[in-house]
file start-v6.cif (mmCIF, C-alpha atoms)
data_my_file
loop_
_atom_site.label_atom_id
_atom_site.label_comp_id
_atom_site.auth_asym_id
_atom_site.auth_seq_id
_atom_site.Cartn_x
_atom_site.Cartn_y
_atom_site.Cartn_z
CA MET A 1 148.02 136.75 105.29
CA THR A 2 146.55 135.04 108.38
CA ARG A 3 143.06 136.05 109.32
CA GLY A 4 141.94 135.74 112.91
CA PRO A 5 138.56 134.36 114.01
CA GLY A 6 137.12 137.85 114.34
CA SER A 7 138.50 139.17 111.07
CA PRO A 8 136.13 140.20 108.28
CA PRO A 9 135.97 137.72 105.40
CA ARG A 10 138.27 138.42 102.48
CA ASP A 11 135.86 137.22 99.77
CA VAL A 12 132.05 137.05 100.01
CA CYS A 13 129.77 135.54 97.39
CA VAL A 14 126.09 136.48 97.21
CA VAL A 15 123.73 134.07 95.45
CA MET A 16 120.60 135.90 94.27
CA LEU A 17 119.72 135.05 90.73
CA SER A 18 116.50 136.61 89.52
CA ALA A 19 113.34 138.54 90.47
CA VAL A 20 113.87 142.27 90.12
CA GLY A 21 112.20 143.07 93.44
CA ASP A 22 114.43 140.62 95.30
CA ALA A 23 117.51 142.04 93.58
CA VAL A 24 116.52 145.49 94.85
CA HIS A 25 116.21 144.06 98.38
CA VAL A 26 119.76 142.68 98.15
CA LEU A 27 121.27 146.12 97.51
CA PRO A 28 121.09 147.37 101.14
CA VAL A 29 122.67 144.07 102.19
CA VAL A 30 125.77 144.46 100.01
CA THR A 31 125.97 148.16 100.89
CA ALA A 32 125.95 147.34 104.61
CA LEU A 33 128.60 144.64 104.14
CA LYS A 34 130.90 146.97 102.24
CA ARG A 35 130.36 149.74 104.79
CA ALA A 36 131.28 147.37 107.66
CA TRP A 37 134.02 145.52 105.79
CA PRO A 38 135.50 147.96 103.25
CA GLU A 39 138.40 145.63 102.34
CA THR A 40 136.12 142.65 101.63
CA ARG A 41 135.62 141.70 97.99
CA ILE A 42 131.95 141.10 97.17
CA THR A 43 130.94 138.88 94.26
CA TRP A 44 127.31 138.47 93.21
CA ILE A 45 126.04 135.54 91.12
CA VAL A 46 123.00 136.81 89.24
CA GLN A 47 120.96 136.15 86.10
CA PRO A 48 121.02 138.49 83.09
CA ALA A 49 117.77 140.43 83.69
CA ALA A 50 118.51 141.38 87.30
CA HIS A 51 122.15 142.05 86.37
CA SER A 52 121.08 144.62 83.80
CA LEU A 53 119.52 146.64 86.63
CA VAL A 54 122.24 146.38 89.31
CA ARG A 55 125.38 146.10 87.17
CA HIS A 56 126.71 149.57 88.09
CA HIS A 57 126.34 149.16 91.83
CA PRO A 58 129.41 150.65 93.55
CA ASP A 59 129.57 148.12 96.41
CA VAL A 60 129.78 144.99 94.28
CA ASP A 61 133.30 144.21 93.08
CA GLU A 62 132.34 141.49 90.62
CA PHE A 63 129.21 140.14 89.00
CA ILE A 64 129.14 136.58 87.71
CA VAL A 65 126.22 136.27 85.31
CA PHE A 66 124.56 132.87 85.30
CA ASP A 67 122.90 132.42 81.93
CA ARG A 68 120.96 129.20 81.91
CA GLU A 69 121.20 128.39 78.21
CA ARG A 70 118.67 126.25 76.43
CA GLY A 71 119.57 122.71 75.50
CA LEU A 72 120.43 119.76 77.70
CA ARG A 73 117.67 120.97 80.01
CA GLY A 74 119.70 124.02 80.87
CA TRP A 75 122.77 122.21 82.17
CA ARG A 76 125.15 124.14 79.89
CA GLY A 77 124.68 127.19 82.10
CA PHE A 78 125.65 125.21 85.18
CA GLN A 79 128.68 123.75 83.39
CA ALA A 80 129.88 127.21 82.34
CA LEU A 81 129.45 128.52 85.88
CA ALA A 82 131.29 125.55 87.38
CA HIS A 83 134.15 126.14 84.94
CA ARG A 84 134.38 129.81 85.92
CA LEU A 85 134.35 128.97 89.63
CA ARG A 86 136.73 126.01 89.54
CA ASP A 87 139.77 127.96 90.82
CA ARG A 88 137.85 130.20 93.21
CA ARG A 89 137.30 129.84 96.93
CA PHE A 90 135.29 132.22 99.09
CA ASP A 91 135.29 132.78 102.81
CA LEU A 92 131.51 133.19 102.95
CA VAL A 93 128.48 132.54 100.75
CA LEU A 94 125.14 134.22 101.42
CA ALA A 95 122.45 131.92 100.02
CA LEU A 96 119.58 134.40 99.86
CA GLN A 97 117.31 132.50 97.47
CA VAL A 98 115.42 129.37 98.43
CA TYR A 99 114.73 127.45 95.27
CA LEU A 100 116.57 124.49 93.78
CA LYS A 101 118.45 126.29 91.02
CA ALA A 102 119.99 128.68 93.55
CA GLY A 103 120.77 125.74 95.83
CA LEU A 104 122.64 123.96 93.06
CA ILE A 105 124.68 127.09 92.43
CA THR A 106 125.43 127.41 96.14
CA HIS A 107 126.70 123.83 95.94
CA LEU A 108 129.03 124.76 93.06
CA VAL A 109 130.67 127.59 95.03
CA SER A 110 133.66 126.54 97.13
CA ALA A 111 133.52 128.31 100.48
CA ASP A 112 134.41 127.91 104.13
CA ARG A 113 130.94 129.03 105.24
CA LYS A 114 127.66 128.83 103.36
CA LEU A 115 124.99 130.74 105.23
CA GLY A 116 121.33 130.07 104.47
CA PHE A 117 117.86 130.17 105.98
CA ASP A 118 116.67 128.16 108.96
CA LEU A 119 115.11 124.77 108.27
CA ARG A 120 111.53 126.05 108.22
CA ARG A 121 112.24 128.63 105.53
CA ALA A 122 114.87 126.67 103.56
CA GLY A 123 112.54 125.72 100.75
CA ASP A 124 113.46 123.49 97.82
CA LEU A 125 116.00 121.59 99.94
CA GLN A 126 118.20 124.67 100.37
CA TRP A 127 119.38 123.33 103.72
CA LEU A 128 121.26 120.58 101.86
CA PHE A 129 123.56 123.14 100.26
CA THR A 130 124.44 125.32 103.27
CA THR A 131 126.71 124.74 106.25
CA GLU A 132 125.25 127.37 108.58
CA ARG A 133 121.80 128.80 109.12
CA ILE A 134 120.32 132.03 110.42
CA ALA A 135 118.00 131.77 113.41
CA ALA A 136 114.31 131.03 112.95
CA HIS A 137 112.13 134.13 112.86
CA PRO A 138 108.42 134.84 112.39
CA PRO A 139 107.49 136.15 108.92
CA GLN A 140 108.29 139.82 108.40
CA HIS A 141 109.00 142.20 105.52
CA VAL A 142 111.23 140.61 102.90
CA GLN A 143 113.80 143.38 103.32
CA ASP A 144 114.02 142.67 107.06
CA GLN A 145 114.26 138.97 106.28
CA TYR A 146 117.44 139.62 104.28
CA PHE A 147 118.73 141.79 107.10
CA GLU A 148 118.60 138.69 109.32
CA PHE A 149 121.74 137.56 107.48
CA LEU A 150 123.46 140.79 108.51
CA ASP A 151 122.34 140.35 112.09
CA HIS A 152 123.80 136.83 112.10
CA LEU A 153 127.12 138.29 110.93
CA GLY A 154 127.08 141.16 113.43
CA VAL A 155 126.68 143.81 110.72
CA SER A 156 124.23 146.69 111.07
CA PRO A 157 121.95 147.47 108.12
CA GLU A 158 121.62 151.10 109.20
CA PRO A 159 121.42 153.43 107.45
CA VAL A 160 119.49 151.50 104.83
CA GLU A 161 120.88 152.51 101.44
CA TRP A 162 120.11 151.12 97.99
CA ARG A 163 122.61 153.29 96.05
CA LEU A 164 120.81 152.55 92.79
CA GLY A 165 122.25 155.52 90.91
CA LEU A 166 122.30 156.57 87.26
CA THR A 167 125.24 156.92 84.91
CA GLU A 168 126.00 160.22 83.20
CA GLY A 169 124.54 158.89 79.97
CA GLU A 170 121.36 157.81 81.71
CA ARG A 171 121.05 161.23 83.34
CA ALA A 172 121.30 162.79 79.88
CA ASP A 173 118.63 160.44 78.48
CA GLN A 174 116.42 161.21 81.46
CA ALA A 175 116.83 164.96 81.02
CA ARG A 176 115.94 164.75 77.32
CA PHE A 177 112.82 162.68 77.94
CA PHE A 178 111.38 164.70 80.80
CA GLY A 179 112.41 167.94 79.14
CA SER A 180 110.16 167.00 76.22
CA LEU A 181 107.08 166.80 78.46
CA ASP A 182 104.93 169.78 79.34
CA GLY A 183 104.88 169.05 83.07
CA PRO A 184 105.66 166.51 85.81
CA ALA A 185 104.94 162.86 85.13
CA CYS A 186 103.46 159.87 86.96
CA ALA A 187 104.65 156.36 86.13
CA VAL A 188 101.84 153.82 85.78
CA VAL A 189 103.01 150.20 86.06
CA LEU A 190 100.67 147.77 84.35
CA GLY A 191 101.68 144.15 84.68
CA THR A 192 103.44 141.65 86.92
CA SER A 193 104.78 138.16 86.41
CA ARG A 194 101.74 136.72 88.23
CA PRO A 195 98.28 137.50 86.82
CA GLU A 196 96.70 137.34 90.29
CA LYS A 197 98.62 140.51 91.26
CA ASN A 198 97.45 142.53 88.23
CA TRP A 199 94.80 145.23 88.35
CA HIS A 200 92.26 145.87 85.54
CA THR A 201 92.53 148.23 82.58
CA ARG A 202 89.18 149.93 83.23
CA GLY A 203 90.61 151.09 86.55
CA TYR A 204 93.80 152.33 84.92
CA VAL A 205 91.77 154.34 82.39
CA GLN A 206 90.12 156.26 85.23
CA VAL A 207 93.47 156.67 86.99
CA VAL A 208 95.26 158.20 84.00
CA GLU A 209 92.34 160.59 83.45
CA GLU A 210 92.41 161.68 87.10
CA LEU A 211 96.19 162.13 86.98
CA ALA A 212 95.95 164.36 83.94
CA ARG A 213 92.74 166.32 84.51
CA THR A 214 92.75 166.77 88.29
CA HIS A 215 96.43 166.74 89.20
CA GLY A 216 98.12 168.00 86.05
CA LEU A 217 100.44 165.02 85.74
CA ARG A 218 101.42 163.34 82.49
CA PRO A 219 100.70 159.60 82.78
CA VAL A 220 103.60 157.46 81.54
CA LEU A 221 102.91 153.75 81.02
CA VAL A 222 105.98 151.75 82.05
CA GLY A 223 106.86 148.08 82.17
CA GLY A 224 108.16 145.29 79.99
CA PRO A 225 107.38 144.07 76.49
CA SER A 226 105.13 141.14 77.42
CA PRO A 227 102.01 140.54 75.31
CA LEU A 228 99.82 141.05 78.39
CA GLU A 229 101.31 144.46 79.16
CA ARG A 230 101.07 145.44 75.51
CA ARG A 231 97.40 144.47 75.40
CA MET A 232 96.66 146.38 78.61
CA ALA A 233 98.47 149.46 77.32
CA ASP A 234 96.56 149.38 74.04
CA GLU A 235 93.24 149.14 75.88
CA ILE A 236 94.15 152.10 78.09
CA LEU A 237 95.27 154.21 75.14
CA ALA A 238 92.06 153.37 73.27
CA GLY A 239 89.90 154.09 76.31
CA THR A 240 90.95 157.66 77.09
CA THR A 241 91.40 160.97 75.34
CA VAL A 242 94.06 162.32 77.74
CA ASP A 243 97.66 162.45 76.56
CA VAL A 244 99.32 159.26 77.82
CA VAL A 245 102.97 158.46 77.05
CA ASP A 246 103.63 154.82 76.16
CA MET A 247 107.09 153.75 77.40
CA LEU A 248 106.67 150.00 77.59
CA GLY A 249 109.61 147.97 76.38
CA ASP A 250 112.88 146.28 77.18
CA GLY A 251 115.50 147.84 79.38
CA LEU A 252 115.52 147.88 83.18
CA ARG A 253 118.01 150.75 83.23
CA ARG A 254 115.61 152.86 81.15
CA LEU A 255 112.84 151.87 83.54
CA LEU A 256 115.08 152.98 86.40
CA TRP A 257 115.61 156.50 85.07
CA LEU A 258 111.93 156.79 84.18
CA LEU A 259 110.87 155.93 87.73
CA ASP A 260 113.58 158.16 89.16
CA GLY A 261 112.38 161.12 87.08
CA CYS A 262 108.66 160.78 87.77
CA VAL A 263 107.11 162.55 90.76
CA LEU A 264 104.81 159.60 91.53
CA THR A 265 104.35 155.93 90.66
CA VAL A 266 101.17 153.82 90.66
CA SER A 267 102.00 150.11 90.74
CA PRO A 268 100.86 146.66 91.81
CA ASP A 269 103.24 144.43 93.76
CA THR A 270 106.11 144.01 91.31
CA GLY A 271 109.74 144.98 90.77
CA PRO A 272 109.16 148.58 89.58
CA LEU A 273 107.34 149.36 92.84
CA HIS A 274 110.48 148.46 94.79
CA ILE A 275 112.69 150.36 92.34
CA SER A 276 110.52 153.43 92.96
CA ARG A 277 110.97 153.02 96.68
CA ALA A 278 114.72 152.61 96.28
CA VAL A 279 115.08 155.88 94.34
CA GLY A 280 112.69 157.74 96.64
CA THR A 281 109.78 158.23 94.24
CA PRO A 282 106.45 158.11 96.14
CA VAL A 283 104.47 155.05 95.11
CA VAL A 284 100.78 154.20 95.38
CA GLY A 285 100.89 150.44 95.87
CA LEU A 286 98.01 148.23 94.72
CA TYR A 287 97.83 145.09 96.87
CA GLY A 288 95.27 142.32 96.92
CA HIS A 289 96.99 139.03 96.22
CA THR A 290 99.98 139.56 98.52
CA ASN A 291 100.41 141.10 101.96
CA PRO A 292 101.69 144.71 101.86
CA LYS A 293 103.13 144.27 105.35
CA ARG A 294 105.53 141.74 103.85
CA TYR A 295 105.90 142.98 100.29
CA GLY A 296 105.03 146.67 100.46
CA PRO A 297 107.39 149.63 99.94
CA TYR A 298 109.96 149.36 102.72
CA ARG A 299 109.69 151.90 105.56
CA ALA A 300 108.05 154.51 103.35
CA PHE A 301 104.79 155.34 101.60
CA GLN A 302 102.77 152.79 103.59
CA ASP A 303 100.11 155.48 103.85
CA LEU A 304 99.76 155.26 100.07
CA VAL A 305 99.10 151.50 99.98
CA VAL A 306 95.66 150.42 98.77
CA ASP A 307 95.22 147.30 100.88
CA GLY A 308 92.88 144.83 99.25
CA TYR A 309 94.68 141.98 100.95
CA ALA A 310 92.74 142.62 104.14
CA ARG A 311 89.10 141.71 103.55
CA HIS A 312 88.02 144.53 105.85
CA PRO A 313 89.86 147.47 107.47
CA GLY A 314 92.05 146.51 110.38
CA GLU A 315 91.99 142.78 109.69
CA GLU A 316 95.13 140.97 110.87
CA CYS A 317 96.00 138.58 108.07
CA PRO A 318 98.45 135.66 108.05
CA PRO A 319 101.50 137.01 106.21
CA GLU A 320 101.73 134.18 103.69
CA ARG A 321 98.06 133.81 102.79
CA THR A 322 97.20 134.78 99.22
CA PHE A 323 93.89 135.69 97.59
CA ARG A 324 93.04 135.06 93.98
CA ASP A 325 90.26 137.64 94.16
CA GLY A 326 92.04 140.16 96.36
CA MET A 327 92.69 142.68 93.59
CA ASN A 328 88.92 143.03 93.19
CA ARG A 329 88.98 144.82 96.56
CA VAL A 330 91.32 147.44 95.07
CA THR A 331 88.62 149.85 93.96
CA VAL A 332 89.07 152.86 91.72
CA GLU A 333 87.78 155.13 94.49
CA ARG A 334 90.44 153.91 96.94
CA VAL A 335 93.20 154.32 94.38
CA LEU A 336 92.14 157.87 93.52
CA GLU A 337 92.01 158.73 97.23
CA LYS A 338 95.60 157.56 97.66
CA ILE A 339 96.73 159.53 94.60
CA SER A 340 95.19 162.67 96.09
CA LEU A 341 96.91 161.91 99.40
CA ALA A 342 100.24 161.47 97.61
CA MET A 343 99.83 164.83 95.88
CA GLU A 344 99.05 166.48 99.20
CA ARG A 345 101.85 164.91 101.25
CA TYR A 346 104.68 164.11 98.87
CA VAL A 347 104.43 165.81 95.48
CA ARG A 348 105.47 169.43 95.41
CA PRO A 349 104.03 171.71 92.73
#

call {"tool": "encode", "arguments": {"input": "start-v6.cif", "output": "structure tokens"}}
result
Amino acid sequence: MTRGPGSPPRDVCVVMLSAVGDAVHVLPVVTALKRAWPETRITWIVQPAAHSLVRHHPDVDEFIVFDRERGLRGWRGFQALAHRLRDRRFDLVLALQVYLKAGLITHLVSADRKLGFDLRRAGDLQWLFTTERIAAHPPQHVQDQYFEFLDHLGVSPEPVEWRLGLTEGERADQARFFGSLDGPACAVVLGTSRPEKNWHTRGYVQVVEELARTHGLRPVLVGGPSPLERRMADEILAGTTVDVVDMLGDGLRRLLWLLDGCVLTVSPDTGPLHISRAVGTPVVGLYGHTNPKRYGPYRAFQDLVVDGYARHPGEECPPERTFRDGMNRVTVERVLEKISLAMERYVRP
């Protein structure tokens, strides 16, 4: 079959390995591509954790899981990937991640076109591994940054759709869990991968008490199994007498149906916040270390953001500046105000 210069590509490969929040931001990209090019086969190279979340996505035809095994400084994972790709050739690669590991994988993929970021944003030498670059653009929301790839290809991102649905089994698990509670629930996300983005447990204690006593919501602690999250959860449970449900643990798909079933989420800047946005659950975002204009919930719930990134109201901040002490400006009073606003505007009785 001969494909003309204006024909959609037959095979597209997306390189986005890790970071749950970034994986969520990729979903509207693959959905837009499949909507514009329904006959195009989309392959996504991804690492195991992010794959566990997105593995059922209806617009991805194939996932290739890159598992960087230990030993030989991790080169076995690259060797296994190279072996799997040796007889494959793609029409287009979207190099959406700008660190060296992703660049090396982009290099391993045989393709006619390898589209990456402009030179200014092509960190970790990504520009060495691509053949074509999107236009330079001032910093903007990460989701819009990924949409620049679509714009380069002449594909519209609208309507923006994540399509992060649940399986029948997950719906059943969700129904059993929430059916066992005596009322609606609020997910409370505790930890992130970067300590500077975390809030403090004394604040969370006051939040869970306000959720339960003032708003009649059952607080549900959600997140991973890290020692830090476990310690924070134990301190919260020991510091309050309200009935708090502890649902920390492994399993991003379980986290997905928990966030989908809650009527509200309270979260710092981390993957679960973006999952909440993707499934339409209102989220009170706690920001101090990173800029909510760049990393906040996309096109929704900005009125619920507690902005400690700005040192005073209305301050215009450089988008890439970070503050080690910014979360100290996220006060309990501001968080409780946003929870009350969320109950008034978004949460139905």

call {"tool": "residues_around", "arguments": {"input": "start-v6.cif", "residues": "stretch 150-155 of chain A", "least_positions_apart": "6", "cutoff": "8 Å", "atoms": "only C-alpha atoms", "output": "list in words"}}
result
Val29, Ala32, Leu33, Ala36, Ile134 and Ala135 of chain A

call {"tool": "atom_distance", "arguments": {"input": "start-v6.cif", "atom1": "atom CA of A:Ser267", "atom2": "atom CA of A:His137"}}
result
29.1 Å

call {"tool": "resolve_selection", "arguments": {"input": "start-v6.cif", "expression": "the PyMOL selection byres ((chain A and resi 113) around 9)", "output": "ChimeraX atom specification"}}
result
/A:90-94,110-112,114-115,130-132

call {"tool": "resolve_selection", "arguments": {"input": "start-v6.cif", "expression": "the PyMOL selection byres ((chain A and resi 55) around 12)", "output": "short mmCIF file (atom, residue, chain, number, x, y, z; two decimals) with C-alpha atoms, in the coordinates of the input"}}
result
data_model
loop_
_atom_site.label_atom_id
_atom_site.label_comp_id
_atom_site.auth_asym_id
_atom_site.auth_seq_id
_atom_site.Cartn_x
_atom_site.Cartn_y
_atom_site.Cartn_z
CA ALA A 23 117.51 142.04 93.58
CA VAL A 24 116.52 145.49 94.85
CA LEU A 27 121.27 146.12 97.51
CA THR A 43 130.94 138.88 94.26
CA TRP A 44 127.31 138.47 93.21
CA ILE A 45 126.04 135.54 91.12
CA VAL A 46 123.00 136.81 89.24
CA GLN A 47 120.96 136.15 86.10
CA PRO A 48 121.02 138.49 83.09
CA ALA A 49 117.77 140.43 83.69
CA ALA A 50 118.51 141.38 87.30
CA HIS A 51 122.15 142.05 86.37
CA SER A 52 121.08 144.62 83.80
CA LEU A 53 119.52 146.64 86.63
CA VAL A 54 122.24 146.38 89.31
CA HIS A 56 126.71 149.57 88.09
CA HIS A 57 126.34 149.16 91.83
CA PRO A 58 129.41 150.65 93.55
CA ASP A 59 129.57 148.12 96.41
CA VAL A 60 129.78 144.99 94.28
CA ASP A 61 133.30 144.21 93.08
CA GLU A 62 132.34 141.49 90.62
CA PHE A 63 129.21 140.14 89.00
CA ILE A 64 129.14 136.58 87.71
CA VAL A 65 126.22 136.27 85.31
CA ARG A 163 122.61 153.29 96.05
CA LEU A 164 120.81 152.55 92.79
CA GLY A 165 122.25 155.52 90.91
CA LEU A 166 122.30 156.57 87.26
CA THR A 167 125.24 156.92 84.91
CA LEU A 252 115.52 147.88 83.18
CA ARG A 253 118.01 150.75 83.23
#

call {"tool": "resolve_selection", "arguments": {"input": "start-v6.cif", "expression": "the PyMOL selection byres ((chain A and resi 202) around 12)", "output": "list in words"}}
result
Leu190, Trp199, His200, Thr201, Gly203, Tyr204, Val205, Gln206, Val207, Val208, Glu209, Met232, Ala233, Asp234, Glu235, Ile236, Leu237, Ala238, Gly239, Thr240, Thr331 and Val332 of chain A

call {"tool": "atom_distance", "arguments": {"input": "start-v6.cif", "atom1": "atom CA of A:His289", "atom2": "atom CA of A:Glu210"}}
result
24.8 Å

call {"tool": "atom_distance", "arguments": {"input": "start-v6.cif", "atom1": "atom CA of A:Pro38", "atom2": "atom CA of A:Asp118"}}
result
27.9 Å

call {"tool": "closest_residue", "arguments": {"input": "start-v6.cif", "among": "A:Leu81, A:Val222, A:Val263, A:Leu96", "to": "A:His25", "atoms": "all atoms listed in the file"}}
result
A:Leu96

call {"tool": "closest_residue", "arguments": {"input": "start-v6.cif", "among": "A:Tyr346, A:Tyr295, A:Tyr99, A:Phe177", "to": "A:Trp127", "atoms": "all atoms listed in the file"}}
result
A:Tyr99

call {"tool": "residues_near_point", "arguments": {"input": "start-v6.cif", "point": "(114.3, 121.8, 99.6)", "cutoff": "12 Å", "atoms": "all atoms listed in the file", "output": "number ranges by chain"}}
result
A: 97-104, 116-130

call {"tool": "closest_residue", "arguments": {"input": "start-v6.cif", "among": "A:Ala82, A:Val306, A:Met16, A:Leu256", "to": "A:Tyr146", "atoms": "only C-alpha atoms"}}
result
A:Met16

call {"tool": "closest_residue", "arguments": {"input": "start-v6.cif", "among": "A:Arg294, A:Arg329, A:His107, A:Arg41", "to": "A:Ala310", "atoms": "only C-alpha atoms"}}
result
A:Arg329

call {"tool": "closest_residue", "arguments": {"input": "start-v6.cif", "among": "A:Val189, A:Val347, A:Ala300, A:Val26", "to": "A:Leu264", "atoms": "all atoms listed in the file"}}
result
A:Val347
